[in-house]
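For reference, the structure is listed below as structure tokens.
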Amino acid sequence: MSKELVNAIADMREEEALKLVKEMVEGGSEPMAILDAARQAMAIVGQRYDEGTYFLPELILAGEMLNQITDIVKPELAKMPEVKRLGKVLIGTVAGDIHDIGKNIVSFMLDVNGFDVLDLGVDVPAQKFVEAIGEFQPQVVGLSGFLALAFDAMKETVEAIKTAGLRDKVKIMIGGGQVSEQVRKHTGADAYGKDAMAGVSLAKEWVGAK
């Protein structure tokens with residue numbers, strides 16, 4: 001059934017996907033198995049987007065499906081024994097950018113992989129990141145941005161963290177549509193993730209869970 005779910009999500013059959021999730025929950029399927037199927041489907045969606053068979057509308061629909069699936073599964077997750085938490089990640093889309101699909105997928109993947117995630121949302125000013133680092137005390141900070149104009153905002157955010165004396169307390173990763181090694185150097189971040197799983201791998205590495 002989880003294979004059917006992977007295909008339904010990846011092929012954008014929203015109604016069928018949500019029906020399958022409900023049936024799986026009612027049938028006693030492991031919540032993590034459902035979320036893993038969603039993760040596999042999202043990897044396929046990302047691949048199809050990279051290949052040019054899917055475009056932004058498909059990414060938006062996939063993000064909406066993911067949110068609905070998470071809402072259905074969350075009550076079941078709450079009944080499970082506590083997953084050992086690996087660490088804390090603070091994430092947000094930087095000032096001037098309101099894209100959140102990629103960020104939401106990364107947040108979701110970090111969460112199901114054992115991280116406590118604080119998501120600040122979109123269009124987040126540098127100072128808000130600084131304040132949240134002080135309060136939440138994450139080991140990892142994720143800066144997301146889809147537009148090229150976000151690169152300077154990422155750089156400003158990293159500099160604000162440095163000015164506040166917090167730079168050596170956190171590892172910073174960046175991600176988004178056009179992010180590259182060149183952009184990473186420009187922003188002063190520690191690394192960039194080309195997709196959600198790369199972000200999870202970086203976070204695990206940085207907290208010593210790999």
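Ligands are numbered from 1 in the order shown, residues from 1 within each chain, and chains are lettered A, B, ... in the order they appear in the structure tokens.
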Original post:
DSSP on the backbone: what in region 62-97 of chain A comes out strand (DSSP E), as a list of chain:residue names?
Top reply: A:Gly87, A:Lys88, A:Val89, A:Leu90, A:Ile91, A:Gly92, A:Thr93
Using only C-alpha atoms, I'd like a table of the residues in region 124-210 of chain A that come within 9 Å of region 99-102 of chain A; for each, show the closest atom pair and its distance in Å rounded to one decimal, ordered by chain and ascending number, as a tab-separated table.
```
residue	atom	partner	partner_atom	distance
A:Ser144	CA	A:Gly102	CA	7.9
A:Gly145	CA	A:His99	CA	6.9
A:Phe146	CA	A:His99	CA	6.2
A:Leu147	CA	A:His99	CA	8.3
A:Gly175	CA	A:Gly102	CA	8.3
A:Gly176	CA	A:Gly102	CA	6.9
A:Gly177	CA	A:Gly102	CA	8.5
A:Asp195	CA	A:Gly102	CA	8.1
A:Ala196	CA	A:Gly102	CA	7.5
```
Original post:
Just asking: which residues within region 19-109 of chain A are helix (DSSP H, G or I) according to DSSP, as a PyMOL selection string?
Top reply: chain A and resi 19-26+31-51+56-79+101-109
Original post:
Near Gln40 (chain A), within 12 Å and counting only C-alpha atoms, which residues show up once chain neighbours fewer than 2 positions away are dropped, as a PyMOL selection string?
Top reply: chain A and resi 2-10+33-38+42-47+66+105+109+196-197
Mind writing the picked residues with C-alpha atoms as a PDB file, in the first residue's frame?
```
ATOM      1  CA  SER A   2       2.866   2.392   0.714  1.00  0.00           C
ATOM      2  CA  LYS A   3       4.051   1.878  -2.900  1.00  0.00           C
ATOM      3  CA  GLU A   4       0.558   2.922  -4.055  1.00  0.00           C
ATOM      4  CA  LEU A   5       0.838   5.997  -1.839  1.00  0.00           C
ATOM      5  CA  VAL A   6       4.260   6.923  -3.257  1.00  0.00           C
ATOM      6  CA  ASN A   7       2.835   6.742  -6.793  1.00  0.00           C
ATOM      7  CA  ALA A   8      -0.359   8.641  -5.932  1.00  0.00           C
ATOM      8  CA  ILE A   9       1.592  11.555  -4.400  1.00  0.00           C
ATOM      9  CA  ALA A  10       4.266  11.584  -7.101  1.00  0.00           C
ATOM     10  CA  ALA A  33       6.050   4.165   7.169  1.00  0.00           C
ATOM     11  CA  ILE A  34       3.453   6.627   5.838  1.00  0.00           C
ATOM     12  CA  LEU A  35       5.833   9.553   6.243  1.00  0.00           C
ATOM     13  CA  ASP A  36       8.619   7.574   4.598  1.00  0.00           C
ATOM     14  CA  ALA A  37       6.349   6.954   1.603  1.00  0.00           C
ATOM     15  CA  ALA A  38       5.691  10.724   1.471  1.00  0.00           C
ATOM     16  CA  MET A  42       8.770  14.055  -2.650  1.00  0.00           C
ATOM     17  CA  ALA A  43      12.158  12.845  -3.910  1.00  0.00           C
ATOM     18  CA  ILE A  44      10.435  11.745  -7.156  1.00  0.00           C
ATOM     19  CA  VAL A  45       8.618  15.106  -7.409  1.00  0.00           C
ATOM     20  CA  GLY A  46      11.943  16.938  -6.952  1.00  0.00           C
ATOM     21  CA  GLN A  47      13.565  14.760  -9.615  1.00  0.00           C
ATOM     22  CA  LEU A  66       2.471  16.956   2.309  1.00  0.00           C
ATOM     23  CA  ILE A 105       9.740  19.984   2.747  1.00  0.00           C
ATOM     24  CA  MET A 109      12.190  15.846   6.542  1.00  0.00           C
ATOM     25  CA  ALA A 196      15.872  18.174   1.400  1.00  0.00           C
ATOM     26  CA  MET A 197      17.818  14.945   1.994  1.00  0.00           C
TER      27      MET A 197
END
```
Kindly provide the residues of region 83-134 of chain A that approach region 16-32 of chain A to within 12 Å, each paired with its closest atom pair and their distance in Å to one decimal, based on only C-alpha atoms, listed by chain and increasing number, as JSON lines.
```
{"residue": "A:Val83", "atom": "CA", "partner": "A:Met32", "partner_atom": "CA", "distance": 10.7}
{"residue": "A:Met109", "atom": "CA", "partner": "A:Met32", "partner_atom": "CA", "distance": 11.4}
{"residue": "A:Asp111", "atom": "CA", "partner": "A:Met32", "partner_atom": "CA", "distance": 11.1}
{"residue": "A:Val112", "atom": "CA", "partner": "A:Met32", "partner_atom": "CA", "distance": 7.6}
{"residue": "A:Asn113", "atom": "CA", "partner": "A:Met32", "partner_atom": "CA", "distance": 9.7}
{"residue": "A:Gly114", "atom": "CA", "partner": "A:Met32", "partner_atom": "CA", "distance": 11.3}
```
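Pairwise distance (CA of Asn104 (chain A), CA of Glu156 (chain A)) equals 22.4 Å.
Shortest separation to Lys194 (chain A) among A:Lys162, A:Lys103, A:Lys171, A:Lys74 occurs at residue A:Lys103, atoms counted being only C-alpha atoms.
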**OP:** Mind giving me the straight-line distance from CA of Asp11 (chain A) to CA of Tyr54 (chain A) in Å, one decimal?
**Re:**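 Result for CA of Asp11 (chain A) versus CA of Tyr54 (chain A): 10.0 Å, one decimal.
Every protein, DNA or RNA residue with an atom at most 10 Å from Ala153 (chain A), where only C-alpha atoms count and chain neighbours fewer than 5 positions away do not, is listed here: A:Thr93, A:Val94, A:Ala95, A:Gly96, A:Asp97, A:Asp123, A:Val124, A:Pro125, A:Ala126, A:Leu143, A:Gly145, A:Ala148, A:Val158, A:Glu159, A:Thr187.
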Original post:
Between CA of Ile172 (chain A) and CA of Arg85 (chain A), what is the distance, to one decimal in Å?
Top reply: 19.3 Å
**OP:** Mind checking which residues fall within 12 Å of Val89 (chain A), counting only C-alpha atoms, ignoring those fewer than 5 positions away in the same chain, and posting them as a PyMOL selection string?
**Re:** chain A and resi 106-111+113-120+129+132-133+136-143+170-173+199-200+202-204+206-207
**OP:** Name the closest residue to Ala164 (chain A) among the candidates A:Met80, A:Val130, A:Leu61, A:Met1; distances are taken between atoms, counting only C-alpha atoms.
**Re:**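 Closest residue, counting only C-alpha atoms: A:Val130.
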Subject >> Counting only C-alpha atoms, the residue of A:Leu166, A:Arg48, A:Asp190, A:Lys155 that sits nearest Gly134 (chain A) >> reply: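 Between A:Leu166, A:Arg48, A:Asp190, A:Lys155, the residue approaching Gly134 (chain A) most closely is A:Leu166.
Minimum atom-to-atom distances from A:Ala150, A:Leu56, A:Lys128, A:Ile161 to Val179 (chain A) were compared using only C-alpha atoms, and the lowest value belongs to A:Ala150.
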